[in-house]
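Trainee: Okay, so here is entry_26.txt, and as you'll see once you scroll down, it has compact mmCIF, C-alpha atoms.
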```
# COMPACT_ATOMS: atom_id res chain seq x y z
CA MET Z 239 0.00 0.00 0.00
CA SER Z 240 1.39 3.30 -0.99
CA THR Z 241 1.55 5.89 1.70
CA VAL Z 242 1.61 8.96 -0.45
CA THR Z 243 1.07 12.09 1.57
CA HIS Z 244 -0.16 15.28 -0.01
CA GLN Z 245 2.32 18.06 0.35
CA GLY Z 246 3.09 21.16 -1.65
CA PRO Z 247 0.85 21.40 -4.71
CA ASP Z 248 -1.11 18.33 -3.65
CA ALA Z 249 -1.89 19.85 -0.29
CA GLU Z 250 -3.03 23.03 -2.03
CA TYR Z 251 -5.21 20.93 -4.27
CA GLU Z 252 -6.80 19.23 -1.30
CA ALA Z 253 -7.38 22.55 0.43
CA ALA Z 254 -9.04 24.00 -2.66
CA ALA Z 255 -11.15 20.90 -3.18
CA ASP Z 256 -12.11 20.93 0.46
CA SER Z 257 -13.15 24.57 0.35
CA ALA Z 258 -15.09 23.95 -2.84
CA HIS Z 259 -17.14 21.11 -1.42
CA HIS Z 260 -17.40 21.86 2.23
CA GLU Z 261 -17.95 25.60 2.25
CA HIS Z 262 -20.12 26.85 5.04
CA HIS Z 263 -23.46 27.77 3.54
CA PRO Z 264 -25.95 29.77 5.57
CA LYS Z 265 -28.78 28.12 7.47
CA ASP Z 266 -32.34 28.17 6.16
CA THR Z 267 -33.28 30.84 8.69
CA THR Z 268 -30.71 33.13 7.10
CA TYR Z 269 -32.28 32.51 3.69
CA TRP Z 270 -35.70 33.44 5.08
CA LYS Z 271 -34.29 36.68 6.50
CA VAL Z 272 -32.57 37.49 3.21
CA GLY Z 273 -35.76 36.70 1.29
CA LEU Z 274 -37.80 38.98 3.54
CA ALA Z 275 -35.24 41.76 3.14
CA LEU Z 276 -35.39 41.40 -0.65
CA ALA Z 277 -39.19 41.46 -0.58
CA PHE Z 278 -39.09 44.62 1.54
CA ILE Z 279 -36.68 46.34 -0.84
CA THR Z 280 -38.86 45.32 -3.80
CA GLY Z 281 -41.85 46.83 -2.00
CA LEU Z 282 -39.91 50.07 -1.56
CA GLU Z 283 -38.99 50.07 -5.24
CA VAL Z 284 -42.57 49.60 -6.34
CA SER Z 285 -43.80 52.26 -3.91
CA THR Z 286 -41.78 54.89 -5.76
CA TYR Z 287 -44.09 54.38 -8.73
CA PHE Z 288 -47.06 55.52 -6.65
CA ILE Z 289 -45.40 58.65 -5.24
CA THR Z 290 -46.86 60.67 -8.06
CA ASP Z 291 -49.28 60.19 -10.92
CA ASP Z 292 -46.71 61.47 -13.35
CA PRO Z 293 -43.20 60.41 -12.33
CA TYR Z 294 -41.79 61.75 -15.60
CA SER Z 295 -42.45 65.35 -14.65
CA HIS Z 296 -42.00 65.06 -10.92
CA ASP Z 297 -39.46 67.24 -9.20
CA LEU Z 298 -38.04 64.17 -7.52
CA LYS Z 299 -37.20 62.52 -10.83
CA TRP Z 300 -33.46 62.29 -10.26
CA ALA Z 301 -33.85 61.40 -6.60
CA LEU Z 302 -36.10 58.53 -7.68
CA ILE Z 303 -33.62 57.36 -10.29
CA VAL Z 304 -30.69 57.37 -7.87
CA GLY Z 305 -32.77 55.67 -5.17
CA LEU Z 306 -34.02 52.98 -7.55
CA LEU Z 307 -30.52 52.27 -8.86
CA ALA Z 308 -29.21 52.01 -5.29
CA MET Z 309 -31.94 49.54 -4.32
CA MET Z 310 -31.36 47.57 -7.51
CA PHE Z 311 -27.64 47.35 -6.75
CA LEU Z 312 -28.35 46.29 -3.16
CA LYS Z 313 -30.68 43.48 -4.30
CA PHE Z 314 -28.14 42.36 -6.87
CA VAL Z 315 -25.33 42.15 -4.30
CA VAL Z 316 -27.48 40.37 -1.71
CA ILE Z 317 -28.69 37.71 -4.17
CA VAL Z 318 -25.21 37.08 -5.54
CA SER Z 319 -23.65 37.00 -2.07
CA TYR Z 320 -26.16 34.82 -0.24
CA PHE Z 321 -28.25 32.89 -2.77
CA MET Z 322 -25.35 32.26 -5.17
CA HIS Z 323 -23.02 31.66 -2.20
CA VAL Z 324 -20.33 33.97 -3.54
CA LYS Z 325 -19.71 35.23 -0.02
CA PHE Z 326 -18.95 31.72 1.20
CA ASP Z 327 -17.51 30.01 -1.87
CA ASN Z 328 -14.10 29.92 -3.48
CA LYS Z 329 -13.02 33.40 -4.58
CA LEU Z 330 -12.15 32.19 -8.07
CA PHE Z 331 -15.88 31.83 -8.86
CA ARG Z 332 -16.50 35.40 -7.72
CA ASN Z 333 -13.59 36.70 -9.76
CA VAL Z 334 -14.74 34.93 -12.92
CA PHE Z 335 -18.25 36.37 -12.60
CA VAL Z 336 -17.15 39.86 -11.61
CA SER Z 337 -14.72 39.95 -14.55
CA GLY Z 338 -17.56 39.34 -16.99
CA LEU Z 339 -19.79 41.82 -15.20
CA VAL Z 340 -17.19 44.60 -15.08
CA LEU Z 341 -16.30 44.01 -18.73
CA ALA Z 342 -19.98 44.23 -19.72
CA VAL Z 343 -20.58 47.40 -17.71
CA ALA Z 344 -17.44 49.07 -19.07
CA VAL Z 345 -18.12 48.13 -22.68
CA TYR Z 346 -21.74 49.25 -22.67
CA ILE Z 347 -21.14 52.48 -20.77
CA ALA Z 348 -18.58 53.25 -23.48
CA VAL Z 349 -21.11 52.37 -26.16
CA LEU Z 350 -23.85 54.47 -24.55
CA THR Z 351 -21.48 57.39 -24.13
CA SER Z 352 -20.28 57.23 -27.72
CA LEU Z 353 -23.90 57.21 -28.90
CA GLU Z 354 -24.63 60.26 -26.71
CA PHE Z 355 -27.09 58.45 -24.47
CA PHE Z 356 -26.15 60.67 -21.53
CA SER Z 357 -26.60 63.90 -23.45
CA ASP Z 358 -29.76 65.98 -23.80
CA GLU Z 359 -29.83 65.32 -27.54
CA HIS Z 360 -30.67 61.70 -26.88
CA GLU Z 361 -33.78 62.66 -24.95
CA ASN Z 362 -34.92 65.00 -27.70
CA PRO Z 363 -33.72 63.60 -31.00
CA SER Z 364 -34.04 66.24 -33.67
CA THR Z 365 -34.11 63.73 -36.47
CA GLY Z 366 -35.46 60.29 -36.91
CA GLY Z 367 -38.62 61.14 -35.06
CA GLY Z 368 -38.94 61.48 -31.35
CA GLY Z 369 -42.39 60.03 -31.39
CA ASP Z 370 -44.60 60.82 -28.48
CA ALA Z 371 -42.00 62.45 -26.32
CA SER Z 372 -44.38 64.62 -24.36
CA HIS Z 373 -43.20 62.99 -21.13
CA VAL Z 374 -39.58 63.89 -21.71
CA GLU Z 375 -38.36 66.78 -19.69
CA ASP Z 376 -35.46 69.03 -20.33
CA GLY Z 377 -32.21 67.56 -19.08
CA ALA Z 378 -31.88 67.84 -15.34
CA MET P 205 6.55 12.11 -5.04
CA THR P 206 4.96 9.24 -6.84
CA ASP P 207 3.05 11.24 -9.38
CA THR P 208 4.61 9.30 -12.22
CA ALA P 209 3.33 5.96 -10.97
CA PRO P 210 0.32 4.52 -12.81
CA ALA P 211 -2.87 5.45 -11.03
CA HIS P 212 -4.23 1.89 -10.90
CA THR P 213 -1.21 0.57 -9.04
CA ALA P 214 -0.65 3.38 -6.60
CA PRO P 215 -3.64 4.11 -4.43
CA THR P 216 -3.14 7.32 -2.52
CA ALA P 217 -3.97 8.38 0.97
CA GLY P 218 -5.97 11.43 -0.11
CA PRO P 219 -8.59 11.99 -2.77
CA GLY P 220 -7.44 12.03 -6.36
CA PRO P 221 -8.37 14.69 -8.83
CA ASP P 222 -11.65 13.00 -9.63
CA GLN P 223 -12.38 11.37 -6.30
CA LEU P 224 -13.97 13.29 -3.48
CA ASP P 225 -15.52 11.66 -0.43
CA GLY P 226 -15.34 8.33 -2.22
CA VAL P 227 -17.52 9.51 -5.08
CA ASP P 228 -16.26 9.05 -8.62
CA LEU P 229 -17.03 12.55 -9.87
CA GLU P 230 -15.55 11.93 -13.29
CA SER P 231 -18.19 9.32 -14.05
CA TRP P 232 -20.83 12.00 -13.45
CA GLY P 233 -19.09 14.55 -15.62
CA LEU P 234 -18.07 16.46 -12.53
CA GLY P 235 -14.32 16.10 -12.76
CA THR P 236 -12.07 18.51 -10.96
CA ASN P 237 -9.49 20.80 -12.42
CA ASN P 238 -6.05 19.64 -11.40
CA ALA P 239 -4.71 23.16 -11.07
CA THR P 240 -7.45 24.67 -8.95
CA GLY P 241 -9.07 21.71 -7.23
CA LEU P 242 -12.44 23.15 -8.20
CA THR P 243 -15.00 21.22 -10.17
CA ASN P 244 -15.14 21.97 -13.86
CA THR P 245 -18.94 21.99 -13.93
CA LYS P 246 -19.30 24.77 -11.41
CA LEU P 247 -16.44 26.78 -12.86
CA GLY P 248 -17.96 26.32 -16.32
CA MET P 249 -21.31 27.63 -15.11
CA TRP P 250 -19.68 30.71 -13.57
CA LEU P 251 -17.81 31.32 -16.83
CA PHE P 252 -21.06 31.04 -18.75
CA LEU P 253 -22.81 33.45 -16.39
CA GLY P 254 -19.93 35.92 -16.69
CA SER P 255 -20.23 35.81 -20.48
CA ASP P 256 -24.03 36.05 -20.33
CA CYS P 257 -23.58 39.44 -18.64
CA LEU P 258 -22.37 40.69 -22.01
CA LEU P 259 -25.46 39.39 -23.80
CA PHE P 260 -27.87 41.08 -21.42
CA GLY P 261 -25.66 44.17 -21.27
CA ALA P 262 -26.05 44.50 -25.04
CA LEU P 263 -29.81 44.05 -24.89
CA ILE P 264 -30.29 46.50 -22.02
CA SER P 265 -28.05 49.10 -23.69
CA THR P 266 -29.97 48.73 -26.94
CA TYR P 267 -33.24 49.21 -25.11
CA LEU P 268 -31.97 52.34 -23.35
CA LEU P 269 -30.87 53.81 -26.65
CA LEU P 270 -34.06 53.04 -28.53
CA ARG P 271 -36.91 53.32 -26.05
CA HIS P 272 -37.73 56.94 -26.85
CA ARG P 273 -36.67 56.82 -30.49
CA GLY P 274 -39.77 55.17 -31.82
CA THR P 275 -43.00 56.71 -33.01
CA GLY P 276 -46.40 55.95 -31.62
CA ILE P 277 -46.80 53.76 -28.56
CA GLY P 278 -44.14 54.24 -25.89
CA PRO P 279 -43.35 52.53 -22.59
CA GLU P 280 -45.54 54.85 -20.53
CA ASP P 281 -48.54 53.92 -22.68
CA VAL P 282 -48.46 50.17 -22.11
CA PHE P 283 -46.60 49.27 -18.92
CA ASP P 284 -48.71 47.93 -16.08
CA ILE P 285 -46.39 48.40 -13.11
CA PRO P 286 -48.57 46.75 -10.44
CA PHE P 287 -48.90 43.60 -12.57
CA THR P 288 -45.18 43.45 -13.38
CA SER P 289 -44.37 44.05 -9.70
CA VAL P 290 -46.26 40.90 -8.78
CA SER P 291 -44.38 38.97 -11.49
CA SER P 292 -41.08 40.29 -10.16
CA PHE P 293 -42.01 39.26 -6.64
CA VAL P 294 -42.89 35.76 -7.86
CA LEU P 295 -39.50 35.38 -9.55
CA LEU P 296 -37.73 36.70 -6.46
CA MET P 297 -39.47 34.12 -4.29
CA SER P 298 -38.50 31.39 -6.75
CA SER P 299 -34.87 32.24 -6.00
CA MET P 300 -35.54 31.64 -2.33
CA SER P 301 -37.20 28.28 -2.98
CA MET P 302 -34.18 27.35 -5.11
CA VAL P 303 -31.75 27.87 -2.24
CA PHE P 304 -33.97 25.65 -0.09
CA ALA P 305 -33.69 22.95 -2.77
CA VAL P 306 -29.89 23.25 -2.67
CA SER P 307 -29.96 23.05 1.13
CA ALA P 308 -32.26 20.03 1.04
CA ILE P 309 -30.01 17.93 -1.19
CA ALA P 310 -26.95 18.97 0.81
CA ARG P 311 -28.67 17.42 3.84
CA GLY P 312 -29.80 14.38 1.84
CA GLU P 313 -33.50 15.22 2.16
CA ASP P 314 -34.84 13.93 -1.16
CA GLN P 315 -38.51 14.68 -0.55
CA LYS P 316 -37.84 18.28 0.41
CA LEU P 317 -35.55 18.59 -2.59
CA ARG P 318 -38.36 17.51 -4.93
CA LEU P 319 -40.84 19.81 -3.18
CA TRP P 320 -38.63 22.88 -3.51
CA LEU P 321 -37.65 22.06 -7.09
CA LEU P 322 -41.33 21.79 -7.97
CA VAL P 323 -42.18 25.02 -6.15
CA THR P 324 -39.35 26.81 -7.97
CA ALA P 325 -40.48 25.49 -11.36
CA LEU P 326 -44.09 26.47 -10.63
CA LEU P 327 -43.09 29.99 -9.62
CA GLY P 328 -40.97 30.24 -12.77
CA GLY P 329 -43.94 29.00 -14.81
CA THR P 330 -46.14 31.64 -13.18
CA PHE P 331 -43.64 34.31 -14.18
CA ILE P 332 -43.63 33.07 -17.77
CA ALA P 333 -47.43 32.95 -17.82
CA GLY P 334 -47.43 36.57 -16.65
CA GLN P 335 -45.02 37.50 -19.41
CA VAL P 336 -47.16 35.80 -22.03
CA TYR P 337 -50.20 37.69 -20.71
CA GLU P 338 -48.24 40.95 -20.77
CA PHE P 339 -47.02 40.41 -24.34
CA THR P 340 -50.51 39.48 -25.47
CA SER P 341 -52.10 42.56 -23.91
CA PHE P 342 -49.39 44.80 -25.42
CA TYR P 343 -50.01 43.26 -28.82
CA ARG P 344 -53.75 43.90 -28.51
CA GLU P 345 -52.96 47.51 -27.72
CA GLY P 346 -51.15 47.71 -31.02
CA LEU P 347 -47.56 47.10 -29.93
CA GLY P 348 -46.19 44.39 -32.22
CA TYR P 349 -42.56 43.31 -32.47
CA THR P 350 -41.94 45.56 -35.48
CA THR P 351 -44.25 48.43 -34.52
CA ASN P 352 -41.39 50.75 -33.59
CA LEU P 353 -37.85 50.79 -32.20
CA PHE P 354 -39.08 50.68 -28.61
CA SER P 355 -41.17 47.57 -29.19
CA SER P 356 -38.38 45.68 -30.96
CA ALA P 357 -35.89 46.48 -28.19
CA PHE P 358 -38.39 45.72 -25.43
CA TYR P 359 -39.57 42.38 -26.84
CA SER P 360 -35.98 41.31 -27.61
CA LEU P 361 -34.77 42.07 -24.09
CA THR P 362 -37.66 40.62 -22.12
CA GLY P 363 -38.09 37.79 -24.62
CA PHE P 364 -34.47 36.67 -24.23
CA HIS P 365 -34.94 36.76 -20.48
CA GLY P 366 -38.11 34.71 -20.82
CA VAL P 367 -36.23 32.11 -22.85
CA HIS P 368 -33.63 31.92 -20.09
CA VAL P 369 -36.36 31.35 -17.50
CA SER P 370 -37.94 28.67 -19.69
CA VAL P 371 -34.62 26.85 -20.06
CA GLY P 372 -34.25 27.04 -16.28
CA ILE P 373 -37.67 25.46 -15.80
CA VAL P 374 -36.66 22.60 -18.11
CA MET P 375 -33.50 22.05 -16.05
CA LEU P 376 -35.48 22.14 -12.79
CA MET P 377 -37.96 19.57 -14.07
CA ALA P 378 -35.10 17.37 -15.29
CA LEU P 379 -33.63 17.46 -11.77
CA PHE P 380 -37.07 16.72 -10.33
CA PHE P 381 -37.55 13.60 -12.44
CA MET P 382 -33.96 12.48 -11.83
CA SER P 383 -34.62 12.69 -8.12
CA LEU P 384 -37.92 10.90 -8.54
CA THR P 385 -36.17 7.98 -10.28
CA GLY P 386 -33.38 7.85 -7.71
CA ARG P 387 -30.67 9.24 -9.96
CA LEU P 388 -30.12 12.41 -7.95
CA LYS P 389 -28.74 11.76 -4.50
CA GLN P 390 -26.72 13.71 -1.99
CA ASP P 391 -23.43 12.85 -3.71
CA ARG P 392 -24.60 14.84 -6.74
CA ALA P 393 -25.64 17.94 -4.81
CA GLU P 394 -23.45 20.05 -7.03
CA ALA P 395 -25.73 19.41 -10.01
CA VAL P 396 -28.55 21.14 -8.12
CA GLU P 397 -26.23 23.92 -7.01
CA VAL P 398 -25.12 24.59 -10.59
CA VAL P 399 -28.72 24.79 -11.82
CA GLY P 400 -29.38 27.04 -8.83
CA LEU P 401 -26.61 29.39 -9.95
CA TYR P 402 -28.25 29.67 -13.35
CA TRP P 403 -31.64 30.30 -11.78
CA HIS P 404 -30.34 33.03 -9.46
CA PHE P 405 -28.59 34.67 -12.39
CA VAL P 406 -31.89 34.79 -14.28
CA ASP P 407 -33.38 36.40 -11.17
CA ILE P 408 -30.71 39.09 -10.85
CA VAL P 409 -31.06 39.92 -14.55
CA TRP P 410 -34.76 40.51 -13.92
CA VAL P 411 -33.87 42.71 -10.93
CA LEU P 412 -31.97 44.90 -13.40
CA ILE P 413 -34.65 44.77 -16.09
CA PHE P 414 -37.47 45.54 -13.66
CA THR P 415 -35.73 48.65 -12.37
CA ILE P 416 -34.17 49.94 -15.58
CA VAL P 417 -36.98 49.12 -18.01
CA TYR P 418 -40.12 49.40 -15.90
CA LEU P 419 -39.51 51.60 -12.87
CA ILE P 420 -37.03 54.30 -13.85
CA PRO P 421 -38.92 57.11 -15.55
```
Just dump the structure as structure tokens.
Mentor:
Amino acid sequence: MSTVTHQGPDAEYEAAADSAHHEHHPKDTTYWKVGLALAFITGLEVSTYFITDDPYSHDLKWALIVGLLAMMFLKFVVIVSYFMHVKFDNKLFRNVFVSGLVLAVAVYIAVLTSLEFFSDEHENPSTGGGGDASHVEDGA
Amino acid sequence: MTDTAPAHTAPTAGPGPDQLDGVDLESWGLGTNNATGLTNTKLGMWLFLGSDCLLFGALISTYLLLRHRGTGIGPEDVFDIPFTSVSSFVLLMSSMSMVFAVSAIARGEDQKLRLWLLVTALLGGTFIAGQVYEFTSFYREGLGYTTNLFSSAFYSLTGFHGVHVSVGIVMLMALFFMSLTGRLKQDRAEAVEVVGLYWHFVDIVWVLIFTIVYLIP
């Protein structure tokens, strides 16, 4: 019988394999709490729609946008951290996913910027028809 | 080191690259990467999800660029926020039932696994039914796929997401029937976890779509 012991790279392999298969996942009660928190945030998001009959012309337009984006980001992070176990799993998984995400965000912000999405001209296109743009305000 | 010795003549004290807890992972297609010690299946799913960010990034960007470029019916004319909010809540809850399914198989509770898989699939099916209803009502209001730039971008984005949810439901039902026939036991918990990753990704994409497409004025 061979008595091979795992040292050096083998020991690292075992440690990685161990962390991959025996990571400490949260208990079900934690999932319930996270689920309730997500439901609460979703309720807050939806409530912003009812603040005014015409959110497009409301003075709080930009406050609503920033608030909604913040809540969206919070939900995203909570789901990825707890439900997808990124917080408890091997960091390589997180890095692989975040790489794709950061690349996507960077590429499409560049695309949107180059196509003048963030400028006032995008909101009021002078050519090509703006359609029914009565809801569009002047740039804030 | 005895790495050069043939594997069949040199049993080792620890698990080999494709042996964990006495389970032959390779025979299940769940072999481990020799460099990282992580399973290829899970790493492959994370790679796929990372690349899928680019797909949905393209669709969301296109929608943002085109939503006010069309003529005629616009988003404010057709969106039913209360209805879509309920759909979003249903999909969010399906993510929670999915983590309970992953927990159940990790504990070896087959009946609970099947229950939560079924609940998740049903919630996903409810979401899809809501999307079909939404598309149908939009179409009756005169918003076809080629009506204007907004409609094309909207249907492409939400339609692609709907296809992702549908594929997820197929995977969930496959796991359900595998469990029912005794082919999905605790030693294959990672298969459920990998499907769970896909399902949660579909959920977080909807979190983005719901806010960016429906809620932000």
Trainee: To one decimal place, how far is atom CA of Leu388 of chain P from atom CA of Glu313 of chain P in Å?
Mentor: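 Computing the Euclidean distance for atom CA of Leu388 of chain P and atom CA of Glu313 of chain P yields 11.0 Å.
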Trainee: Chain P residues within 6 Å of chain Z, counting only C-alpha atoms: which ones, as a ChimeraX atom specification?
Mentor: /P:214,216-217,241-242,250,254-255,257-258,261,273-276,401,408,420-421
Trainee: In Å, rounded to a single decimal, give me how far atom CA of Ala305 of chain P is from atom CA of Leu317 of chain P.
Mentor: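 The value is 4.7 Å.
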Trainee: Would you mind reading off the distance between atom CA of Ala308 of chain P and atom CA of Glu397 of chain P, one decimal, in Å?
Mentor: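 These two atoms are separated by 10.8 Å.
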Trainee: Can you tell me, as a PyMOL selection string, what residues are no more than 9 Å from segment 318-335 of chain P when counting all atoms listed in the file, ignoring any on the same chain fewer than 6 positions away?
Mentor: chain P and resi 287-288+290-292+294-295+297-306+308+362-363+366+369-370+372-374+376-377+379-381+383-384
Trainee: Mind checking which residues fall within 12 Å of Tyr349 of chain P, counting all atoms listed in the file, ignoring those fewer than 5 positions away in the same chain, and posting them as a PyMOL selection string?
Mentor: chain P and resi 277+339-340+342-344+354-363
Trainee: Tell me which of P:Val336, P:Met249, P:Leu263, P:Leu270 sits closest to Asn352 of chain P, counting all atoms listed in the file.
Mentor: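 Looking only at the distances to Asn352 of chain P, the closest residue turns out to be P:Leu270.
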